[in-house]
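Scroll down for the structure; my scribbles are underneath it.
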Amino acid sequence: MGILDNFEKGLERAVNGAFAKTFRSGLQPVEITSALRRELDTKAAVVSRDRILAPNRFVVRMSHEDYQRMTNLGPTLVDELTELVQQHGREQRYQFAGGVSIALSDDRGLSEGMVQIDSSTIKGSVTWTPVVDVNGKRYPLTKSHTVIGRGSDADITVDDTGTSRRHVEILWDGSRAQVRDLGSTNGSQLNGSPVKQAILEPDSVVTIGRTRIVFRVIAQAAAGEPVADRRHESPPERHDMGGFWGPSA
């Protein structure tokens with residue numbers, strides 16, 4: 001299976017089911033991945049025999065109509081695109097000066113179905129941010145205890161009569177997360193099984209009532225300056241942190 005095939009297979013996860021109806025016309029997500037791949041291959045520069053530097057910041061410009069369709073997916077599409085860029089980089093032995101960052105841009109000068117990629121090489125570090133995706137909206141976990149429920153006093157309020165006012169909480173100690181049911185009436189599930197309290201691995205799904213909560217740990221590029229001379233240090237490797245992937249010390 002070729003690299004483009006891998007890209008297409010990965011995007012199926014982002015646009016299957018109900019999402020597929022969004023893309024019956026206009027720009028297709030797989031066309032974005034193809035454009036990103038071409039941009040990586042075109043802009044990759046050999047800086048030494050064992051080092052090929054590729055851009056790590058991308059702005060994906062598209063028509064207003066296409067932009068509206070793509071952003072309706074929420075953060076899922078950008079997550080998939082970021083992972084696929086990193087995968088292509090690994091396959092081609094490219095190196096990045098910092099974390100990979102992708103932004104979608106509304107360009108009213110482009111016709112529907114067109115896509116243009118602007119890229120740059122930004123030197124910086126990678127930060128790892130815990131988040132939960134709830135009903136298509138992303139919430140960074142900025143506290144050690146985050147309560148989710150239908151009550152106004154919950155940190156994240158959900159419009160779901162099947163949930164308790166304070167249904168579950170997500171615990172975050174800076175490196176690991178747990179989910180804990182707060183004595184809810186209807187109970188909670190973790191990846192389809194009843195749960196009272198358990199470790200949360202990345203991409204775990206917590207279900208309360210009709211609400212689906214996905215826990216993720218997102219790699220984000222820290223702010224940096226453009227690398228004009230294309231010399232850089234290798235990006236931090238990743239290692240297993242009890243189920244999390246994070247930068248090595």
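Quick note on naming: the chains in the structure tokens go A, B, ... in the order shown, residues restart at 1 in each chain, and ligands are numbered from 1 in order of appearance.
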Quiz item: Can you list, as a ChimeraX atom specification, every protein, DNA or RNA residue that comes within 10 Å of Lys43 in chain A when you count only C-alpha atoms, leaving out same-chain residues fewer than 6 positions away?
Solution: /A:53-55,119-121
Keeping only all heavy atoms, write the selected residues as a PDB file, in the first residue's frame.
```
ATOM      1  N   LEU A  53      14.830  18.242   6.162  1.00  0.00           N
ATOM      2  CA  LEU A  53      13.952  19.116   6.937  1.00  0.00           C
ATOM      3  C   LEU A  53      12.705  19.445   6.126  1.00  0.00           C
ATOM      4  O   LEU A  53      12.798  19.891   4.978  1.00  0.00           O
ATOM      5  CB  LEU A  53      14.678  20.400   7.312  1.00  0.00           C
ATOM      6  CG  LEU A  53      13.886  21.417   8.142  1.00  0.00           C
ATOM      7  CD1 LEU A  53      13.532  20.829   9.501  1.00  0.00           C
ATOM      8  CD2 LEU A  53      14.684  22.708   8.310  1.00  0.00           C
ATOM      9  N   ALA A  54      11.531  19.230   6.718  1.00  0.00           N
ATOM     10  CA  ALA A  54      10.255  19.521   6.053  1.00  0.00           C
ATOM     11  C   ALA A  54       9.516  20.605   6.837  1.00  0.00           C
ATOM     12  O   ALA A  54       9.717  20.754   8.044  1.00  0.00           O
ATOM     13  CB  ALA A  54       9.404  18.254   5.967  1.00  0.00           C
ATOM     14  N   PRO A  55       8.655  21.376   6.177  1.00  0.00           N
ATOM     15  CA  PRO A  55       7.875  22.397   6.889  1.00  0.00           C
ATOM     16  C   PRO A  55       6.960  21.766   7.933  1.00  0.00           C
ATOM     17  O   PRO A  55       6.533  20.612   7.780  1.00  0.00           O
ATOM     18  CB  PRO A  55       7.071  23.080   5.774  1.00  0.00           C
ATOM     19  CG  PRO A  55       7.077  22.115   4.642  1.00  0.00           C
ATOM     20  CD  PRO A  55       8.353  21.349   4.738  1.00  0.00           C
ATOM     21  N   SER A 119       3.017  26.978   3.580  1.00  0.00           N
ATOM     22  CA  SER A 119       3.769  26.264   4.605  1.00  0.00           C
ATOM     23  C   SER A 119       4.978  27.071   5.043  1.00  0.00           C
ATOM     24  O   SER A 119       5.463  27.940   4.321  1.00  0.00           O
ATOM     25  CB  SER A 119       4.230  24.892   4.082  1.00  0.00           C
ATOM     26  OG  SER A 119       5.162  25.044   3.027  1.00  0.00           O
ATOM     27  N   SER A 120       5.455  26.768   6.228  1.00  0.00           N
ATOM     28  CA  SER A 120       6.655  27.419   6.757  1.00  0.00           C
ATOM     29  C   SER A 120       7.313  26.478   7.754  1.00  0.00           C
ATOM     30  O   SER A 120       6.695  25.526   8.243  1.00  0.00           O
ATOM     31  CB  SER A 120       6.318  28.754   7.424  1.00  0.00           C
ATOM     32  OG  SER A 120       5.381  28.572   8.462  1.00  0.00           O
ATOM     33  N   THR A 121       8.563  26.750   8.032  1.00  0.00           N
ATOM     34  CA  THR A 121       9.311  25.981   9.019  1.00  0.00           C
ATOM     35  C   THR A 121       9.507  26.844  10.255  1.00  0.00           C
ATOM     36  O   THR A 121      10.133  27.902  10.183  1.00  0.00           O
ATOM     37  CB  THR A 121      10.673  25.549   8.459  1.00  0.00           C
ATOM     38  OG1 THR A 121      10.461  24.731   7.296  1.00  0.00           O
ATOM     39  CG2 THR A 121      11.475  24.759   9.488  1.00  0.00           C
TER      40      THR A 121
END
```
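In the backbone-derived DSSP annotation, strand (DSSP E) within range 19-66 of chain A comprises Ala45, Val46, Val47, Ser48, Arg51, Ile52, Leu53, Ala54, Arg57, Phe58, Val59, Val60, Arg61 and Met62 of chain A.
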Exercise. Extract, using only C-alpha atoms, all DNA, RNA and protein residues at most 8 Å from Val168 in chain A, discarding same-chain residues fewer than 2 positions from it, and format them as a ChimeraX atom specification.
Key: /A:147-149,166,170,179-182,184,188
Those same residues - N, CA and C atoms - I'd like them written as an mmCIF file, in the first residue's frame.
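In the end it all went to selection-v7.cif:
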```cif
data_model
loop_
_atom_site.group_PDB
_atom_site.id
_atom_site.type_symbol
_atom_site.label_atom_id
_atom_site.label_comp_id
_atom_site.auth_asym_id
_atom_site.auth_seq_id
_atom_site.Cartn_x
_atom_site.Cartn_y
_atom_site.Cartn_z
ATOM 1 N N VAL A 147 -15.560 18.637 36.150
ATOM 2 C CA VAL A 147 -16.853 17.981 36.317
ATOM 3 C C VAL A 147 -17.690 18.186 35.054
ATOM 4 N N ILE A 148 -18.328 17.108 34.609
ATOM 5 C CA ILE A 148 -19.191 17.145 33.431
ATOM 6 C C ILE A 148 -20.582 16.669 33.824
ATOM 7 N N GLY A 149 -21.599 17.413 33.425
ATOM 8 C CA GLY A 149 -22.983 17.050 33.733
ATOM 9 C C GLY A 149 -23.933 18.090 33.182
ATOM 10 N N ARG A 166 -24.205 16.599 38.174
ATOM 11 C CA ARG A 166 -22.753 16.399 38.275
ATOM 12 C C ARG A 166 -22.534 14.905 38.046
ATOM 13 N N ILE A 170 -13.282 14.320 35.288
ATOM 14 C CA ILE A 170 -12.014 13.899 34.711
ATOM 15 C C ILE A 170 -10.902 14.428 35.598
ATOM 16 N N VAL A 179 -11.106 8.850 34.944
ATOM 17 C CA VAL A 179 -12.518 9.231 34.950
ATOM 18 C C VAL A 179 -13.145 8.655 36.217
ATOM 19 N N ARG A 180 -14.050 9.433 36.836
ATOM 20 C CA ARG A 180 -14.722 8.956 38.048
ATOM 21 C C ARG A 180 -16.199 9.327 37.973
ATOM 22 N N ASP A 181 -17.056 8.333 38.130
ATOM 23 C CA ASP A 181 -18.489 8.577 38.198
ATOM 24 C C ASP A 181 -18.813 9.190 39.563
ATOM 25 N N LEU A 182 -19.641 10.224 39.558
ATOM 26 C CA LEU A 182 -19.940 10.958 40.789
ATOM 27 C C LEU A 182 -21.266 10.512 41.400
ATOM 28 N N SER A 184 -23.800 9.027 39.762
ATOM 29 C CA SER A 184 -24.869 9.412 38.839
ATOM 30 C C SER A 184 -26.023 8.414 38.891
ATOM 31 N N SER A 188 -22.147 5.475 34.231
ATOM 32 C CA SER A 188 -21.250 5.894 33.156
ATOM 33 C C SER A 188 -20.618 4.663 32.525
#
```
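Taking only C-alpha atoms into account, Arg90 in chain A lies nearest to A:Leu40 out of the set A:Ala154, A:Leu40, A:Arg49, A:Thr71.
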Practice problem: Report as a list of chain:residue names: the residues of range 71-249 of chain A with a DSSP assignment of alpha helix (DSSP H), based on the backbone of this structure. | Solution: A:Thr71, A:Thr76, A:Leu77, A:Val78, A:Asp79, A:Glu80, A:Leu81, A:Thr82, A:Glu83, A:Leu84, A:Val85, A:Gln86, A:Gln87, A:His88, A:Gly89, A:Arg90, A:Glu91, A:Gln92
Exercise. Determine the nearest neighbour of Val158 in chain A from the options A:Leu110, A:Ile213, A:Leu27, A:Met62, counting only C-alpha atoms.
Key: A:Ile213
Exercise. Name the closest residue to Ala35 in chain A among the candidates A:Ile208, A:Leu200, A:Ile122, A:Leu81; distances are taken between atoms, counting only C-alpha atoms.
Key: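 Of A:Ile208, A:Leu200, A:Ile122, A:Leu81, the one nearest Ala35 in chain A is A:Leu81, counting only C-alpha atoms.
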Exercise. Tell me, as a PyMOL selection string, which residues lie within 10 Å of Gly192 in chain A, counting only C-alpha atoms; anything in the same chain fewer than 5 positions away does not count.
Key: chain A and resi 204-207
Write to file, as a PDB file, in the first residue's frame, the residues of the selection just made, with C-alpha atoms.
```pdb
ATOM      1  CA  SER A 204     -10.893   6.575  25.315  1.00  0.00           C
ATOM      2  CA  VAL A 205     -14.660   7.150  25.030  1.00  0.00           C
ATOM      3  CA  VAL A 206     -16.755   7.937  28.114  1.00  0.00           C
ATOM      4  CA  THR A 207     -20.527   7.701  27.617  1.00  0.00           C
TER       5      THR A 207
END
```
Quiz item: With only C-alpha atoms as the basis for distance, which of A:Pro130, A:Gly187, A:Gly89, A:Gly162 is at the shortest distance from Pro202 in chain A?
Solution: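 Among A:Pro130, A:Gly187, A:Gly89, A:Gly162, it is A:Pro130 that comes nearest to Pro202 in chain A.
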Quiz item: With only C-alpha atoms as the basis for distance, which of A:Ser144, A:Asn56, A:Thr157, A:Gln189 is at the shortest distance from Ser175 in chain A?
Solution: A:Ser144
Quiz prompt | Shell around Arg108 in chain A at 9 Å using only C-alpha atoms, local window under 5 positions removed, as a PyMOL selection string | solution = chain A and resi 62-65
